[in-house]
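J.: query-v5.txt is reproduced in full below (compact mmCIF, C-alpha atoms).
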```txt
# COMPACT_ATOMS: atom_id res chain seq x y z
CA MET V 29 43.29 -42.06 -13.17
CA ALA V 30 44.21 -38.42 -13.77
CA HIS V 31 40.83 -37.86 -15.41
CA LEU V 32 39.03 -39.32 -12.36
CA ALA V 33 41.02 -37.08 -10.03
CA ARG V 34 40.13 -34.03 -12.09
CA SER V 35 36.45 -34.96 -12.01
CA ARG V 36 36.46 -35.31 -8.24
CA LEU V 37 38.28 -32.01 -7.89
CA THR V 38 35.69 -30.35 -10.11
CA ILE V 39 32.86 -31.78 -8.01
CA LEU V 40 34.50 -30.66 -4.78
CA LEU V 41 35.08 -27.18 -6.18
CA ALA V 42 31.47 -26.92 -7.36
CA ALA V 43 30.20 -28.02 -3.94
CA PHE V 44 32.45 -25.51 -2.21
CA LEU V 45 31.29 -22.63 -4.41
CA SER V 46 27.65 -23.65 -3.94
CA ALA V 47 28.10 -23.61 -0.18
CA ILE V 48 29.58 -20.12 -0.36
CA ALA V 49 26.70 -18.91 -2.53
CA VAL V 50 24.12 -20.33 -0.11
CA ALA V 51 25.94 -18.75 2.85
CA LEU V 52 26.00 -15.36 1.12
CA CYS V 53 22.28 -15.56 0.36
CA ILE V 54 21.45 -16.47 3.96
CA THR V 55 23.60 -13.60 5.21
CA ALA V 56 21.92 -11.13 2.87
CA VAL V 57 18.48 -12.24 4.02
CA ALA V 58 19.51 -12.06 7.66
CA LEU V 59 20.85 -8.52 7.28
CA ALA V 60 17.88 -7.19 5.31
CA PHE V 61 15.43 -5.09 7.27
CA SER V 62 12.14 -3.56 6.32
CA GLU V 63 9.61 -1.55 8.26
CA SER V 64 5.98 -1.06 7.42
CA TYR V 65 4.51 2.06 8.99
CA GLY V 66 1.47 4.30 8.98
CA PHE V 67 -1.69 2.93 7.36
CA TYR V 68 -3.94 5.35 9.14
CA GLU V 69 -5.77 8.47 8.07
CA VAL V 70 -4.03 11.84 8.03
CA GLY V 71 -5.11 15.24 6.81
CA ASN V 72 -3.81 17.04 3.75
CA ASN V 73 -0.07 17.72 4.15
CA GLY V 74 0.02 15.29 7.07
CA TYR V 75 2.50 12.45 7.10
CA VAL V 76 3.30 9.03 8.53
CA GLN V 77 6.83 8.14 9.58
CA SER V 78 8.97 5.12 10.35
CA GLY V 79 9.40 4.24 14.02
CA SER V 80 13.12 4.83 13.89
CA ALA V 81 15.92 5.78 11.56
CA HIS V 82 17.71 2.97 9.76
CA THR V 83 20.06 2.53 6.84
CA PHE V 84 17.06 2.60 4.53
CA VAL V 85 17.81 2.68 0.82
CA VAL V 86 14.27 2.71 -0.53
CA ASN V 87 10.93 3.91 0.77
CA TYR V 88 7.58 3.08 -0.85
CA GLY V 89 4.33 4.89 -0.15
CA ALA V 90 0.70 4.47 -1.16
CA GLY V 91 -2.56 6.20 -0.35
CA SER V 92 -6.20 5.25 -0.30
CA ASN V 93 -7.55 7.90 -2.65
CA GLY V 94 -5.03 7.80 -5.48
CA GLY V 95 -4.06 11.45 -5.07
CA ARG V 96 -0.66 13.06 -4.87
CA LEU V 97 1.87 11.61 -2.42
CA ALA V 98 5.47 12.30 -1.48
CA CYS V 99 7.94 9.73 -0.19
CA GLN V 100 10.94 10.97 1.79
CA LEU V 101 14.20 9.60 3.21
CA PHE V 102 16.05 12.10 5.37
CA ASN V 103 18.20 12.80 8.39
CA SER V 104 19.58 15.83 10.21
CA LYS V 105 22.97 15.52 8.51
CA GLY V 106 21.85 16.78 5.11
CA ALA V 107 20.30 13.72 3.52
CA ASN V 108 16.87 14.60 2.13
CA ASN V 109 15.54 12.80 -0.92
CA VAL V 110 11.89 13.29 -1.88
CA ALA V 111 9.93 11.59 -4.65
CA HIS V 112 6.48 12.80 -5.71
CA GLY V 113 3.96 10.54 -7.41
CA ASN V 114 0.29 9.98 -8.16
CA GLY V 115 -1.33 7.34 -5.99
CA SER V 116 2.02 5.98 -4.90
CA CYS V 117 5.65 6.98 -4.71
CA ALA V 118 9.06 5.43 -4.24
CA VAL V 119 12.28 7.14 -3.26
CA ALA V 120 15.82 5.77 -3.05
CA TYR V 121 18.79 6.93 -1.02
CA GLY V 122 22.27 5.53 -1.53
CA GLY V 123 24.20 7.41 1.10
CA GLY V 124 24.47 4.52 3.54
CA GLU V 125 23.49 6.71 6.50
CA PHE V 126 20.73 6.25 9.01
CA VAL V 127 17.66 7.99 7.60
CA TRP V 128 14.02 8.33 8.57
CA ALA V 129 11.25 7.38 6.18
CA ARG V 130 8.08 9.40 5.65
CA VAL V 131 5.08 9.47 3.36
CA TYR V 132 3.12 12.72 2.94
CA ASP V 133 -0.50 13.08 1.88
CA GLN V 134 -0.61 15.88 -0.68
CA SER V 135 -3.91 14.89 -2.24
CA GLY V 136 -5.77 17.92 -0.89
CA VAL V 137 -8.01 15.86 1.37
CA SER V 138 -7.65 13.41 4.24
CA GLU V 139 -6.71 9.87 3.33
CA THR V 140 -5.19 6.73 4.71
CA ILE V 141 -1.52 6.47 3.81
CA GLY V 142 1.21 3.97 4.56
CA GLY V 143 4.82 3.29 3.78
CA GLU V 144 7.36 0.54 3.67
CA ALA V 145 11.07 1.27 3.95
CA GLU V 146 13.78 -1.28 3.24
CA THR V 147 17.51 -1.50 3.89
CA MET K 16 -5.35 17.45 -16.00
CA ILE K 17 -5.96 18.53 -19.60
CA TRP K 18 -6.76 15.98 -22.24
CA PRO K 19 -8.55 15.91 -25.58
CA SER K 20 -12.29 16.26 -25.10
CA HIS K 21 -13.15 12.73 -26.15
CA LYS K 22 -11.03 11.47 -23.29
CA LYS K 23 -12.69 13.63 -20.66
CA GLY K 24 -15.18 11.86 -18.48
CA ILE K 25 -13.59 8.49 -18.98
CA LEU K 26 -10.54 9.10 -16.90
CA VAL K 27 -10.40 5.63 -15.50
CA SER K 28 -6.98 4.74 -14.24
CA ILE K 29 -5.04 2.74 -11.77
CA ALA K 30 -2.76 3.94 -9.02
CA ALA K 31 0.70 5.00 -10.13
CA ALA K 32 2.29 2.13 -8.31
CA GLY K 33 0.67 -0.26 -10.73
CA LEU K 34 -1.04 -2.13 -7.99
CA LEU K 35 -3.67 -4.24 -9.62
CA THR K 36 -5.89 -5.86 -7.10
CA ALA K 37 -9.31 -7.34 -7.24
CA SER K 38 -10.41 -5.85 -3.96
CA GLY K 39 -11.57 -2.53 -2.67
CA ALA K 40 -11.73 -0.16 -5.59
CA ALA K 41 -11.62 3.39 -4.28
CA TYR K 42 -13.15 6.43 -5.91
CA ALA K 43 -11.29 9.68 -5.73
CA ALA K 44 -10.63 12.95 -7.44
CA VAL K 45 -7.19 13.93 -8.72
CA ASP K 46 -6.72 17.46 -9.98
CA GLY K 47 -10.40 17.63 -10.73
CA ALA K 48 -10.58 14.38 -12.64
CA SER K 49 -12.57 11.41 -11.46
CA VAL K 50 -10.30 8.45 -11.04
CA ASP K 51 -11.36 4.92 -10.24
CA ARG K 52 -8.46 3.27 -8.48
CA PRO K 53 -7.90 -0.10 -6.89
CA GLY K 54 -6.69 -0.43 -3.33
CA ALA K 55 -3.04 0.46 -3.83
CA ILE K 56 -2.52 0.86 -0.15
CA HIS K 57 -3.79 -2.65 0.53
CA GLN K 58 -1.15 -3.98 -1.83
CA LEU K 59 1.59 -2.10 -0.03
CA ALA K 60 0.35 -3.25 3.36
CA GLY K 61 0.38 -6.80 2.08
CA GLY K 62 4.10 -6.73 1.40
CA GLY K 63 5.30 -8.57 -1.64
CA GLY K 64 9.03 -8.03 -1.71
CA PRO K 65 11.26 -6.29 -4.22
CA GLN K 66 9.75 -5.16 -7.51
CA ARG K 67 6.30 -6.08 -6.21
CA PHE K 68 4.65 -3.36 -8.27
CA ALA K 69 5.87 -4.72 -11.58
CA ARG K 70 4.93 -8.24 -10.59
CA ALA K 71 1.50 -7.06 -9.47
CA TYR K 72 0.87 -6.22 -13.12
CA GLY K 73 2.13 -9.60 -14.25
CA LEU K 74 5.33 -8.06 -15.61
CA ASP K 75 8.74 -9.66 -15.24
CA PRO K 76 11.29 -7.07 -14.02
CA ALA K 77 14.09 -9.30 -15.29
CA LYS K 78 12.94 -8.50 -18.82
CA ALA K 79 13.25 -4.73 -18.37
CA LEU K 80 15.22 -2.89 -21.04
CA ALA K 81 17.84 -0.39 -19.88
CA VAL K 82 16.99 3.07 -21.18
CA PHE K 83 18.89 5.78 -19.32
CA THR K 84 21.51 6.36 -16.67
CA LEU K 85 20.71 9.48 -14.67
CA ARG K 86 23.35 11.93 -13.44
CA ASN K 87 22.86 10.67 -9.91
CA GLY K 88 23.93 7.22 -11.06
CA GLN K 89 20.48 5.68 -11.01
CA THR K 90 19.65 3.46 -13.95
CA VAL K 91 16.27 3.63 -15.64
CA SER K 92 14.72 0.65 -17.36
CA VAL K 93 11.32 -0.14 -18.78
CA VAL K 94 9.22 -3.28 -18.93
CA GLY K 95 5.69 -3.60 -20.23
CA ASP K 96 3.08 -5.37 -22.28
CA SER K 97 -0.06 -4.34 -24.13
CA SER K 98 -1.91 -3.42 -20.95
CA ALA K 99 0.64 -1.98 -18.51
CA ARG K 100 4.16 -0.65 -18.24
CA CYS K 101 6.69 0.01 -15.49
CA LEU K 102 9.59 2.41 -15.25
CA ILE K 103 12.18 1.00 -12.87
CA ARG K 104 14.85 3.20 -11.29
CA GLY K 105 17.75 1.19 -9.95
CA SER K 106 20.42 2.15 -7.46
CA GLY K 107 22.79 -0.02 -5.49
CA GLY K 108 20.79 -3.17 -6.04
CA GLN K 109 17.53 -1.54 -4.95
CA THR K 110 14.72 -0.47 -7.23
CA ALA K 111 11.99 2.14 -7.14
CA GLU K 112 9.18 1.60 -9.60
CA THR K 113 6.49 3.66 -11.27
CA CYS K 114 3.95 1.38 -12.89
CA ASP K 115 0.56 1.95 -14.44
CA ASP K 116 -1.92 0.65 -16.92
CA ILE K 117 -1.90 2.16 -20.40
CA SER K 118 -4.90 4.44 -19.86
CA ALA K 119 -3.31 5.99 -16.77
CA ILE K 120 0.02 6.38 -18.56
CA ASN K 121 -1.76 8.20 -21.39
CA GLN K 122 -3.16 10.60 -18.77
CA GLY K 123 0.30 11.41 -17.44
CA GLN K 124 -0.17 9.56 -14.16
CA ALA K 125 3.10 7.60 -14.41
CA ILE K 126 5.43 10.51 -13.74
CA SER K 127 7.78 10.77 -10.79
CA VAL K 128 9.55 13.91 -9.63
CA LEU K 129 12.60 13.23 -7.48
CA ASP K 130 14.26 15.97 -5.45
CA GLU K 131 17.66 15.48 -3.89
CA CYS K 132 17.24 18.34 -1.47
CA GLY K 133 20.73 19.07 -0.32
CA THR K 134 21.81 15.45 -0.38
CA GLU K 135 25.55 15.51 -1.09
CA GLY K 136 25.15 19.22 -1.71
CA ARG K 137 23.99 18.71 -5.26
CA ASN K 138 20.29 19.68 -5.12
CA LEU K 139 19.55 17.55 -8.17
CA MET K 140 16.07 17.08 -9.57
CA GLU K 141 15.14 14.21 -11.86
CA ILE K 142 11.79 13.96 -13.59
CA THR K 143 11.18 10.55 -15.12
CA GLY K 144 8.06 8.99 -16.51
CA LEU K 145 6.27 6.87 -19.04
CA ALA K 146 4.97 8.67 -22.12
CA ALA K 147 1.57 8.30 -23.70
CA GLU K 148 1.34 5.87 -26.59
CA GLY K 149 2.51 7.27 -29.90
CA VAL K 150 4.19 10.30 -28.38
CA GLY K 151 7.70 11.01 -29.65
CA VAL K 152 8.55 14.07 -27.59
CA VAL K 153 7.63 15.19 -24.09
CA ARG K 154 7.64 18.93 -23.43
CA LEU K 155 8.38 20.15 -19.91
CA ILE K 156 6.41 23.27 -18.99
CA TRP K 157 7.72 25.71 -16.38
CA SER K 158 5.75 28.16 -14.27
CA ASP K 159 7.32 31.08 -16.17
CA GLY K 160 6.21 29.68 -19.51
CA ARG K 161 9.58 28.28 -20.46
CA THR K 162 9.63 24.85 -22.08
CA GLN K 163 12.17 22.18 -22.86
CA ASP K 164 11.82 18.97 -24.83
CA SER K 165 12.89 15.37 -24.24
CA VAL K 166 12.83 12.65 -26.87
CA VAL K 167 10.95 9.54 -25.79
CA THR K 168 13.05 6.38 -25.64
CA GLN K 169 11.45 2.96 -25.18
CA GLY K 170 8.33 4.79 -24.00
CA ALA K 171 10.21 6.65 -21.26
CA PHE K 172 11.42 10.21 -20.82
CA ARG K 173 13.61 12.17 -18.43
CA PHE K 174 14.45 15.73 -17.50
CA GLU K 175 17.38 16.48 -15.21
CA GLY K 176 18.17 19.72 -13.48
CA SER K 177 18.25 21.32 -10.06
CA ASN K 178 15.34 21.53 -7.68
CA PRO K 179 13.85 25.02 -7.68
CA ALA K 180 14.82 27.52 -5.01
CA PRO K 181 11.97 29.15 -3.08
CA GLY K 182 10.28 31.72 -5.28
CA ALA K 183 12.07 30.57 -8.42
CA PRO K 184 10.28 29.19 -11.49
CA TYR K 185 9.42 25.52 -11.17
CA PRO K 186 8.19 22.79 -13.53
CA ILE K 187 4.40 22.47 -13.51
CA GLY K 188 3.69 19.71 -16.01
CA ILE K 189 4.27 18.21 -19.41
CA ALA K 190 2.76 18.19 -22.86
CA TRP K 191 2.70 15.19 -25.15
CA ILE K 192 4.03 16.10 -28.59
CA SER K 193 3.24 13.91 -31.58
CA GLY K 194 3.97 14.91 -35.16
CA GLY K 195 4.86 18.36 -33.93
CA ARG K 196 1.43 18.85 -32.33
CA ASN K 197 0.45 19.10 -28.70
CA VAL K 198 -1.88 16.13 -28.19
CA GLY K 199 -2.37 16.36 -24.43
CA GLU K 200 -1.06 17.74 -21.20
CA ALA K 201 -0.73 16.63 -17.59
CA THR K 202 0.14 18.35 -14.36
CA PHE K 203 2.90 17.13 -12.06
CA PRO K 204 2.32 15.36 -8.76
CA VAL K 205 4.07 18.25 -6.99
CA HIS K 206 3.13 21.88 -6.59
CA GLY K 207 5.35 24.95 -6.35
CA ASP K 208 5.97 24.98 -2.62
CA GLU K 209 6.38 21.22 -2.20
CA PHE K 210 9.61 20.40 -4.01
CA CYS K 211 11.77 20.03 -0.94
CA LEU K 212 10.01 18.92 2.21
CA PRO K 213 11.32 19.59 5.73
CA ALA K 214 14.06 17.29 7.01
CA SER K 215 13.11 17.54 10.65
```
As structure tokens, how would this structure be written, given the file I've shared?

T.:
Amino acid sequence: MAHLARSRLTILLAAFLSAIAVALCITAVALAFSESYGFYEVGNNGYVQSGSAHTFVVNYGAGSNGGRLACQLFNSKGANNVAHGNGSCAVAYGGGEFVWARVYDQSGVSETIGGEAET
Amino acid sequence: MIWPSHKKGILVSIAAAGLLTASGAAYAAVDGASVDRPGAIHQLAGGGGPQRFARAYGLDPAKALAVFTLRNGQTVSVVGDSSARCLIRGSGGQTAETCDDISAINQGQAISVLDECGTEGRNLMEITGLAAEGVGVVRLIWSDGRTQDSVVTQGAFRFEGSNPAPGAPYPIGIAWISGGRNVGEATFPVHGDEFCLPAS
């Protein structure tokens, strides 16, 4: 009898923990936000930018000609992280503040560039 | 881009994001070299979720080996196979990847220069990248001729310092060192006046 009770308790506990795990996953998905921006042609040293500032933690960029790019997350309060790459770039910011996301074309010529920033 | 003569003219590589795609190969010039690249931007526009770049190469980010922890707290790990490799920088559950095929890595295309321009008042600069095959040491070359070396670990390397003040010497590229010899060089994806971009 005691063994049966322990088994049921174990099952109930497992079900409870599973429900919590599912709820946490759903919450995380619901709170996640990403913005895709740009994807049009700009001149050398031109940039594309997110439509608004958000608590972005990562910003990806890519260009059509494979040349040099810079990805940026910044705000007016001193946050300013920039990552430079060839053909693409990715920059992270862990400050938890609202930041804007940009991708610069530094290839030397005009190209189509775009970015995607995620919270 | 400087590379042994037998490599010149066959500089065929793939975008640094490691975005293999069957569609829309673009033709472009990077630092004077002809580079045949797939449509990296189409991959980004198509979404794909976290660690999409590694998965685009058929690599499993879960199998990445931890290599370094940078001063800014970011972790650096590497995953790869015989055809492509990715360097994954992790921070707070998010990742930023630099992926490429082996030929592009050998050309020095898989290098990322990160500037923390005033963020938290630290002005840190981290240079991370994937080294060419068989290279044991990567030599950082500065605009004033200074150099410093980094030992390659799991195919990756890092240099950490401060981002250069206006007018100060700045890093311009790297040399691959194998057996004590310089076996190739590559320029950085950032020029002297581009290290910290405007925050306005």

J.: Determine, using only C-alpha atoms, which residues of chain V have any atom at most 7 Å from an atom of chain K, and tabulate each with its shortest atom pair and distance in Å to one decimal place, rows ordered by chain and then rising number, as JSON lines.

T.:
```
{"residue": "V:Val86", "atom": "CA", "partner": "K:Gln109", "partner_atom": "CA", "distance": 6.9}
{"residue": "V:Ala90", "atom": "CA", "partner": "K:Ile56", "partner_atom": "CA", "distance": 4.9}
{"residue": "V:Gly91", "atom": "CA", "partner": "K:Ile56", "partner_atom": "CA", "distance": 5.3}
{"residue": "V:Ser92", "atom": "CA", "partner": "K:Ile56", "partner_atom": "CA", "distance": 5.7}
{"residue": "V:Asn93", "atom": "CA", "partner": "K:Ala43", "partner_atom": "CA", "distance": 5.2}
{"residue": "V:Gly94", "atom": "CA", "partner": "K:Ala30", "partner_atom": "CA", "distance": 5.7}
{"residue": "V:Gly95", "atom": "CA", "partner": "K:Val45", "partner_atom": "CA", "distance": 5.4}
{"residue": "V:Arg96", "atom": "CA", "partner": "K:Pro204", "partner_atom": "CA", "distance": 5.4}
{"residue": "V:Phe102", "atom": "CA", "partner": "K:Ala214", "partner_atom": "CA", "distance": 5.8}
{"residue": "V:Asn103", "atom": "CA", "partner": "K:Ala214", "partner_atom": "CA", "distance": 6.3}
{"residue": "V:Ser104", "atom": "CA", "partner": "K:Ala214", "partner_atom": "CA", "distance": 6.5}
{"residue": "V:Gly106", "atom": "CA", "partner": "K:Thr134", "partner_atom": "CA", "distance": 5.6}
{"residue": "V:Ala107", "atom": "CA", "partner": "K:Thr134", "partner_atom": "CA", "distance": 4.5}
{"residue": "V:Asn108", "atom": "CA", "partner": "K:Cys132", "partner_atom": "CA", "distance": 5.2}
{"residue": "V:Asn109", "atom": "CA", "partner": "K:Glu131", "partner_atom": "CA", "distance": 4.5}
{"residue": "V:Val110", "atom": "CA", "partner": "K:Asp130", "partner_atom": "CA", "distance": 5.1}
{"residue": "V:Ala111", "atom": "CA", "partner": "K:Leu129", "partner_atom": "CA", "distance": 4.2}
{"residue": "V:His112", "atom": "CA", "partner": "K:Val128", "partner_atom": "CA", "distance": 5.1}
{"residue": "V:Gly113", "atom": "CA", "partner": "K:Ser127", "partner_atom": "CA", "distance": 5.1}
{"residue": "V:Asn114", "atom": "CA", "partner": "K:Ala31", "partner_atom": "CA", "distance": 5.4}
{"residue": "V:Gly115", "atom": "CA", "partner": "K:Ala30", "partner_atom": "CA", "distance": 4.8}
{"residue": "V:Ser116", "atom": "CA", "partner": "K:Ala32", "partner_atom": "CA", "distance": 5.2}
{"residue": "V:Cys117", "atom": "CA", "partner": "K:Ala32", "partner_atom": "CA", "distance": 6.9}
{"residue": "V:Ala118", "atom": "CA", "partner": "K:Ala111", "partner_atom": "CA", "distance": 5.3}
{"residue": "V:Val119", "atom": "CA", "partner": "K:Ala111", "partner_atom": "CA", "distance": 6.3}
{"residue": "V:Ala120", "atom": "CA", "partner": "K:Ala111", "partner_atom": "CA", "distance": 6.7}
{"residue": "V:Gly122", "atom": "CA", "partner": "K:Gly107", "partner_atom": "CA", "distance": 6.8}
{"residue": "V:Ile141", "atom": "CA", "partner": "K:Ile56", "partner_atom": "CA", "distance": 6.9}
{"residue": "V:Gly142", "atom": "CA", "partner": "K:Ile56", "partner_atom": "CA", "distance": 6.8}
```

J.: Considering all atoms listed in the file, state which residue in the set V:Gln100, V:Ser35, V:Gln134, V:Thr83 is at the smallest distance from Gly71 in chain V.

T.: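 Among the listed residues, the smallest separation from Gly71 in chain V belongs to V:Gln134.
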
J.: Go through K:Val150, K:Leu155, K:Val166, K:Val94 and flag the residue nearest Trp191 in chain K, using all atoms listed in the file for the distances.

T.: K:Val150

J.: How far is it from CA of Tyr121 in chain V to CA of Asn87 in chain V, in Å with one decimal?

T.: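 CA of Asn87 in chain V lies at a distance of 8.6 Å from CA of Tyr121 in chain V.
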
J.: Between V:Val70, V:Gln77, V:Glu146, V:Ala60, single out the one closest to Val131 in chain V, counting only C-alpha atoms.

T.: V:Gln77

J.: May I ask for the distance between CA of Gly66 in chain V and CA of Cys101 in chain K, given in Å to one decimal place?

T.: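 Separating CA of Gly66 in chain V from CA of Cys101 in chain K is a distance of 25.4 Å.
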
J.: Which polymer residues have any atom within 10 Å of an atom of Asp208 in chain K, counting all atoms listed in the file, with same-chain residues fewer than 5 positions away left out, as a PDB file with C-alpha atoms, keeping the file's coordinate frame?

T.:
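The resulting file, result_18.pdb, is reproduced below:
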```pdb
ATOM      1  CA  PRO K 179      13.850  25.020  -7.680  1.00  0.00           C
ATOM      2  CA  ALA K 180      14.820  27.520  -5.010  1.00  0.00           C
ATOM      3  CA  PRO K 181      11.970  29.150  -3.080  1.00  0.00           C
ATOM      4  CA  GLY K 182      10.280  31.720  -5.280  1.00  0.00           C
ATOM      5  CA  TYR K 185       9.420  25.520 -11.170  1.00  0.00           C
TER       6      TYR K 185
END
```

J.: Could you state the separation of CA of Phe83 in chain K and CA of Ser62 in chain V in Å, given to one decimal place?

T.: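 Separation between CA of Phe83 in chain K and CA of Ser62 in chain V: 28.1 Å.
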
J.: For Asp164 in chain K, please output as a count of residues only all residues within 9 Å (counting only C-alpha atoms; exclusion window: fewer than 5 positions along the same chain).

T.: 5

J.: Could you check which of V:Ala98, V:Lys105, V:Trp128, V:Arg36 is closest to Ser80 in chain V, using only C-alpha atoms?

T.: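 The closest residue to Ser80 in chain V is V:Trp128.
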